[in-house]
Amino acid sequence: MPGGGHCPDCGSTELVEDSHYSQSQLVCSDCGCVVTEGVLTTTFSDEGNLREVTYSRSTGENEQVSRSQQRGLRRVRDLCRVLQLPSTFEDTAVAYYQQAYRHSGIRAARLQKKEVLVGCCVLITCRQHNWPLTMGTICTLLYADLDVFSGTYMQIVKLLGLDVPSLCLADLVKTYCSSFRLFQASPSVPAKYVEDKEKMLSRTLQLVELADETWLVTGRHPLPVITAATFLAWQSLQPSERLTCSLARFCKLANVDLPCPASSRLQELLAVLLRMAEQLAWLQVLRLDRRSVVKHIGDLLQHRHTLVRKAFRDGPAESEAGEEERQARGQGPGQGKEEVASRSLDLPEGKRPASPALLLPPCMLKPPKRVCPPPPISTATGDEDISDSEIEQYLRTPQEVRDFQKAQAARQAATGVSNPP
């Protein structure tokens with residue numbers, strides 16, 4: 001045997017490895033003496049020195065994997081195969097799961113959190129490789145609670161110190177809209193509701209970009225905004241047959257869940273579109289409402305950037321810049337507005353057009369009402385102790401005493417004159 005070992009009986013160095021009942025043994029080929037027996041696992045240095053090592057002190061004990069961890073690793077691999085991810089993604093997700101499982105807080109966590117940990121490792125891997133995958137998709141596959149999943153996800157990112165980029169909004173739109181069952185006819189989807197995938201995706205992207213430019217996405221969950229934008233894009237492609245369809249029925253036909261804030265995001269998008277429609281000359285005479293403006297979404301999106309600048313202003317800085325420009329041309333502060341009113345809107349003389357709305361987030365345009373705390377109830381009885389710093393306020397100087405006596409005497413004299421006996 002290479003390595004310098006020798007037989008303790010005959011001193012021969014001809015040692016061979018023999019397997020007896022699946023147990024590895026070193027046997028001397030000259031005398032047949034069993035040099036090592038019952039060695040299950042050894043370290044590299046002990047193998048060179050031919051020393052027996054107990055299993056508790058061997059490398060096998062340190063590399064032992066619990067049943068819970070083995071089950072989690074299998075779940076990670078199965079989830080990657082279900083999502084048809086590349087093999088490199090699977091290896092990375094398994095490595096993250098093993099790193100997270102080394103922390104005592106994860107090993108001692110509840111079974112529900114360990115199940116969610118599988119999806120968190122896969123989602124982190126997909127985000128790092130710019131693979132479009134949503135948190136809701138993994139929650140659906142794992143039957144996991146979204147709140148528990150998001151909390152565990154943030155904990156793992158912080159625990160492992162990972163740099164996870166946020167998912168691009170355009171990729172999220174493409175991934176989410178691809179799950180809609182509206183692109184081919186079926187018994188549950190009438191033919192008039194079937195739409196071309198590319199057309200619907202293109203218009204949805206434009207509406208989501210419009211929502212992003214008008215602060216409707218900032219600080220909010222993106223799926224309700226995407227759902228509302230997809231619904232408007234689907235309606236605008238064939239408005240004559242789809243205006244009667246509600247958002248709830250649309251989600252039922254598409255076989256997707258209706259997010260709770262989607263109705264509010266829909267109303268906000270329609271309000272932005274109405275503001276933009278007021279700036280188009282051929283739409284000002286139609287008196288559009290939230291229902292009829294859907295028919296003209298194509299025209300509004302075609303001139304999106306110009307209409308947004310006209311319909312909204314960034315704040316007082318823009319008004320001051322316009323005022324300075326009019327003063328430089330020799331006009332008064334109100335002449336420019338009156339000329340615009342008379343030329344574009346044909347308003348009566350002396351009536352000004354409505355000023356553009358501020359381009360601010362909805363939380364600033366409609367701030368939540370703050371509860372006013374009740375005023376503190378005064379329980380003063382007059383028997384409270386006076387502090388040393390306030391005593392001087394209650395002491396009178398000799399001059400104040402004389403003045404007070406004179407005032408009392410004058411008051412008594414006046415009283416005696418006004419009421420003679």
# chains A, B, ... in the order shown; residues from 1 in each chain; ligands from 1

$ residues_around --residues "Val208 of chain A" --least-positions-apart "5" --cutoff "10 Å" --atoms "only C-alpha atoms" --output "VMD selection string"
chain A and resid 169 to 170 173 203 213 to 214 216 to 217 222 225 to 230 269

$ write_last_selection --atoms "all heavy atoms" --output "compact mmCIF listing (two decimals), in the first residue's frame"
# COMPACT_ATOMS: atom_id res chain seq x y z
N LEU A 169 -39.80 46.29 -14.22
CA LEU A 169 -41.24 46.38 -14.36
C LEU A 169 -41.71 45.81 -15.69
O LEU A 169 -42.75 45.15 -15.77
CB LEU A 169 -41.69 47.83 -14.20
CG LEU A 169 -43.19 48.07 -14.02
CD1 LEU A 169 -43.71 47.35 -12.80
CD2 LEU A 169 -43.48 49.56 -13.91
N ALA A 170 -40.95 46.05 -16.76
CA ALA A 170 -41.34 45.53 -18.07
C ALA A 170 -41.31 44.00 -18.09
O ALA A 170 -42.22 43.36 -18.64
CB ALA A 170 -40.41 46.09 -19.15
N VAL A 173 -44.34 42.72 -16.26
CA VAL A 173 -45.56 42.82 -17.08
C VAL A 173 -45.64 41.65 -18.05
O VAL A 173 -46.70 41.01 -18.21
CB VAL A 173 -45.59 44.17 -17.82
CG1 VAL A 173 -46.72 44.19 -18.84
CG2 VAL A 173 -45.77 45.31 -16.84
N ARG A 203 -49.68 47.39 -25.58
CA ARG A 203 -50.47 48.48 -25.01
C ARG A 203 -50.43 48.46 -23.48
O ARG A 203 -50.46 49.53 -22.84
CB ARG A 203 -51.91 48.38 -25.51
CG ARG A 203 -52.80 49.51 -25.04
CD ARG A 203 -53.97 49.74 -25.94
NE ARG A 203 -53.57 50.21 -27.27
CZ ARG A 203 -54.44 50.63 -28.20
NH1 ARG A 203 -55.73 50.62 -27.96
NH2 ARG A 203 -54.01 51.03 -29.38
N GLU A 213 -44.96 57.16 -14.82
CA GLU A 213 -44.62 58.57 -14.99
C GLU A 213 -45.50 59.48 -14.15
O GLU A 213 -45.09 60.60 -13.81
CB GLU A 213 -44.75 58.96 -16.47
CG GLU A 213 -43.73 58.29 -17.37
CD GLU A 213 -44.00 58.56 -18.83
OE1 GLU A 213 -45.00 59.26 -19.13
OE2 GLU A 213 -43.24 58.08 -19.69
N THR A 214 -46.70 59.03 -13.80
CA THR A 214 -47.63 59.85 -13.03
C THR A 214 -47.73 59.40 -11.57
O THR A 214 -48.75 59.62 -10.92
CB THR A 214 -49.03 59.81 -13.68
OG1 THR A 214 -49.42 58.44 -13.87
CG2 THR A 214 -49.02 60.51 -15.03
N LEU A 216 -48.19 56.59 -10.05
CA LEU A 216 -49.18 55.61 -9.60
C LEU A 216 -48.56 54.29 -9.18
O LEU A 216 -49.27 53.44 -8.61
CB LEU A 216 -50.22 55.36 -10.71
CG LEU A 216 -51.03 56.56 -11.17
CD1 LEU A 216 -52.06 56.14 -12.19
CD2 LEU A 216 -51.70 57.24 -9.99
N VAL A 217 -47.28 54.10 -9.47
CA VAL A 217 -46.61 52.84 -9.13
C VAL A 217 -45.70 52.99 -7.93
O VAL A 217 -45.47 52.04 -7.19
CB VAL A 217 -45.80 52.33 -10.36
CG1 VAL A 217 -45.15 50.98 -10.06
CG2 VAL A 217 -46.70 52.21 -11.58
N PRO A 222 -46.88 46.28 -7.47
CA PRO A 222 -47.07 46.48 -8.91
C PRO A 222 -48.21 45.68 -9.51
O PRO A 222 -48.77 46.09 -10.53
CB PRO A 222 -45.72 46.05 -9.51
CG PRO A 222 -45.15 45.11 -8.50
CD PRO A 222 -45.62 45.59 -7.16
N VAL A 225 -51.59 47.50 -10.24
CA VAL A 225 -51.44 48.46 -11.33
C VAL A 225 -51.39 47.73 -12.67
O VAL A 225 -52.03 48.15 -13.65
CB VAL A 225 -50.18 49.31 -11.12
CG1 VAL A 225 -50.03 50.33 -12.25
CG2 VAL A 225 -50.23 50.02 -9.78
N ILE A 226 -50.66 46.63 -12.73
CA ILE A 226 -50.56 45.87 -13.98
C ILE A 226 -51.91 45.26 -14.35
O ILE A 226 -52.30 45.24 -15.52
CB ILE A 226 -49.48 44.78 -13.85
CG1 ILE A 226 -48.11 45.41 -13.64
CG2 ILE A 226 -49.46 43.88 -15.07
CD1 ILE A 226 -47.01 44.41 -13.38
N THR A 227 -52.64 44.79 -13.35
CA THR A 227 -53.98 44.24 -13.62
C THR A 227 -54.90 45.30 -14.20
O THR A 227 -55.62 45.05 -15.18
CB THR A 227 -54.57 43.65 -12.33
OG1 THR A 227 -53.68 42.67 -11.80
CG2 THR A 227 -55.92 43.02 -12.60
N ALA A 228 -54.91 46.49 -13.62
CA ALA A 228 -55.76 47.57 -14.13
C ALA A 228 -55.31 47.99 -15.52
O ALA A 228 -56.16 48.24 -16.41
CB ALA A 228 -55.70 48.76 -13.17
N ALA A 229 -54.00 48.08 -15.77
CA ALA A 229 -53.51 48.47 -17.09
C ALA A 229 -53.85 47.41 -18.13
O ALA A 229 -54.21 47.74 -19.28
CB ALA A 229 -52.00 48.70 -17.03
N THR A 230 -53.75 46.15 -17.78
CA THR A 230 -54.11 45.08 -18.72
C THR A 230 -55.59 45.12 -19.06
O THR A 230 -55.97 44.92 -20.23
CB THR A 230 -53.74 43.71 -18.10
OG1 THR A 230 -52.37 43.73 -17.68
CG2 THR A 230 -53.93 42.60 -19.10
N LEU A 269 -55.98 55.49 -12.95
CA LEU A 269 -55.54 55.51 -14.34
C LEU A 269 -56.55 56.22 -15.23
O LEU A 269 -56.18 57.00 -16.13
CB LEU A 269 -55.34 54.07 -14.83
CG LEU A 269 -53.93 53.50 -14.73
CD1 LEU A 269 -53.92 52.03 -15.12
CD2 LEU A 269 -52.97 54.28 -15.62

$ residues_around --residues "Arg81 of chain A" --least-positions-apart "6" --cutoff "12 Å" --atoms "only C-alpha atoms" --output "ChimeraX atom specification"
/A:74-75,87-91,93,122

$ residues_around --residues "Leu237 of chain A" --least-positions-apart "3" --cutoff "9 Å" --atoms "only C-alpha atoms" --output "JSON, numbers by chain"
{"A": [195, 199, 200, 203, 232, 233, 234, 242, 295, 297, 298]}

$ select_by_dssp --residues "segment 80-283 of chain A" --states "helix (DSSP H, G or I)" --output "MDAnalysis selection string"
chainID A and resid 80:82 87:101 104:107 111:128 135:142 146:160 169:178 191:193 197:213 222:237 239:242 247:254 262:277 281:283

$ residues_around --residues "Ser292 of chain A" --least-positions-apart "5" --cutoff "12 Å" --atoms "only C-alpha atoms" --output "number ranges by chain"
A: 232, 235-236, 239-240, 242-244, 270, 273-274, 277, 283, 286-287, 297

$ write_last_selection --atoms "N, CA, C and O atoms" --output "JSON list (two decimals), in the first residue's frame"
[["chain", "number", "residue", "atom", "x", "y", "z"],
["A", 232, "LEU", "N", -57.57, 47.79, -19.07],
["A", 232, "LEU", "CA", -57.82, 48.93, -19.96],
["A", 232, "LEU", "C", -57.28, 48.65, -21.36],
["A", 232, "LEU", "O", -57.92, 49.02, -22.36],
["A", 235, "GLN", "N", -59.72, 46.29, -23.07],
["A", 235, "GLN", "CA", -60.95, 46.97, -23.45],
["A", 235, "GLN", "C", -60.74, 47.91, -24.64],
["A", 235, "GLN", "O", -61.57, 47.97, -25.55],
["A", 236, "SER", "N", -59.62, 48.63, -24.68],
["A", 236, "SER", "CA", -59.41, 49.64, -25.71],
["A", 236, "SER", "C", -59.17, 49.03, -27.09],
["A", 236, "SER", "O", -59.36, 49.72, -28.09],
["A", 239, "PRO", "N", -63.35, 48.23, -28.02],
["A", 239, "PRO", "CA", -64.22, 48.83, -27.00],
["A", 239, "PRO", "C", -65.71, 48.57, -27.21],
["A", 239, "PRO", "O", -66.47, 48.54, -26.25],
["A", 240, "SER", "N", -66.14, 48.41, -28.45],
["A", 240, "SER", "CA", -67.58, 48.26, -28.70],
["A", 240, "SER", "C", -68.14, 46.99, -28.06],
["A", 240, "SER", "O", -69.31, 46.96, -27.67],
["A", 242, "ARG", "N", -66.44, 45.21, -25.46],
["A", 242, "ARG", "CA", -65.85, 44.88, -24.17],
["A", 242, "ARG", "C", -66.09, 45.93, -23.09],
["A", 242, "ARG", "O", -65.69, 45.72, -21.94],
["A", 243, "LEU", "N", -66.71, 47.05, -23.44],
["A", 243, "LEU", "CA", -66.94, 48.08, -22.42],
["A", 243, "LEU", "C", -67.91, 47.62, -21.35],
["A", 243, "LEU", "O", -67.89, 48.12, -20.22],
["A", 244, "THR", "N", -68.77, 46.69, -21.66],
["A", 244, "THR", "CA", -69.74, 46.21, -20.68],
["A", 244, "THR", "C", -69.14, 45.19, -19.71],
["A", 244, "THR", "O", -69.78, 44.83, -18.73],
["A", 270, "LEU", "N", -57.84, 55.98, -15.00],
["A", 270, "LEU", "CA", -58.87, 56.66, -15.79],
["A", 270, "LEU", "C", -58.85, 58.17, -15.54],
["A", 270, "LEU", "O", -59.07, 58.96, -16.47],
["A", 273, "LEU", "N", -56.07, 59.57, -17.61],
["A", 273, "LEU", "CA", -56.44, 59.58, -19.04],
["A", 273, "LEU", "C", -57.42, 60.72, -19.34],
["A", 273, "LEU", "O", -57.34, 61.35, -20.41],
["A", 274, "LEU", "N", -58.33, 60.99, -18.42],
["A", 274, "LEU", "CA", -59.27, 62.11, -18.63],
["A", 274, "LEU", "C", -58.54, 63.44, -18.63],
["A", 274, "LEU", "O", -58.86, 64.34, -19.43],
["A", 277, "ALA", "N", -56.96, 63.72, -21.96],
["A", 277, "ALA", "CA", -57.93, 63.93, -23.04],
["A", 277, "ALA", "C", -58.36, 65.39, -23.13],
["A", 277, "ALA", "O", -58.75, 65.86, -24.20],
["A", 283, "LEU", "N", -60.91, 66.03, -28.81],
["A", 283, "LEU", "CA", -61.61, 65.32, -27.73],
["A", 283, "LEU", "C", -62.26, 66.27, -26.73],
["A", 283, "LEU", "O", -63.04, 65.82, -25.90],
["A", 286, "LEU", "N", -66.15, 66.37, -26.97],
["A", 286, "LEU", "CA", -66.91, 65.13, -26.79],
["A", 286, "LEU", "C", -67.39, 64.94, -25.35],
["A", 286, "LEU", "O", -68.23, 64.07, -25.11],
["A", 287, "ARG", "N", -66.83, 65.71, -24.42],
["A", 287, "ARG", "CA", -67.22, 65.59, -23.01],
["A", 287, "ARG", "C", -67.09, 64.14, -22.54],
["A", 287, "ARG", "O", -68.07, 63.47, -22.17],
["A", 297, "ILE", "N", -57.90, 55.56, -25.97],
["A", 297, "ILE", "CA", -56.62, 55.29, -25.29],
["A", 297, "ILE", "C", -55.48, 55.23, -26.30],
["A", 297, "ILE", "O", -54.35, 55.68, -26.03]]

$ closest_residue --among "A:Val164, A:Leu159, A:Leu288, A:Met135" --to "Tyr176 of chain A" --atoms "only C-alpha atoms"
A:Met135

$ atom_distance --atom1 "atom CA of Arg77 of chain A" --atom2 "atom CA of Cys168 of chain A"
25.5 Å

$ residues_around --residues "Lys192 of chain A" --least-positions-apart "6" --cutoff "10 Å" --atoms "only C-alpha atoms" --output "list in words"
Ala185, Gln238, Glu241 and Arg242 of chain A

$ write_last_selection --atoms "N, CA and C atoms" --output "PDB file, in the first residue's frame"
ATOM      1  N   ALA A 185     -59.173  30.871 -28.068  1.00  0.00           N
ATOM      2  CA  ALA A 185     -60.572  30.584 -27.767  1.00  0.00           C
ATOM      3  C   ALA A 185     -60.693  29.282 -26.987  1.00  0.00           C
ATOM      4  N   GLN A 238     -60.874  46.528 -28.477  1.00  0.00           N
ATOM      5  CA  GLN A 238     -62.205  46.328 -29.071  1.00  0.00           C
ATOM      6  C   GLN A 238     -63.251  46.901 -28.108  1.00  0.00           C
ATOM      7  N   GLU A 241     -67.334  45.954 -27.942  1.00  0.00           N
ATOM      8  CA  GLU A 241     -67.828  44.680 -27.409  1.00  0.00           C
ATOM      9  C   GLU A 241     -67.369  44.419 -25.977  1.00  0.00           C
ATOM     10  N   ARG A 242     -66.435  45.213 -25.463  1.00  0.00           N
ATOM     11  CA  ARG A 242     -65.845  44.877 -24.166  1.00  0.00           C
ATOM     12  C   ARG A 242     -66.091  45.927 -23.090  1.00  0.00           C
TER      13      ARG A 242
END
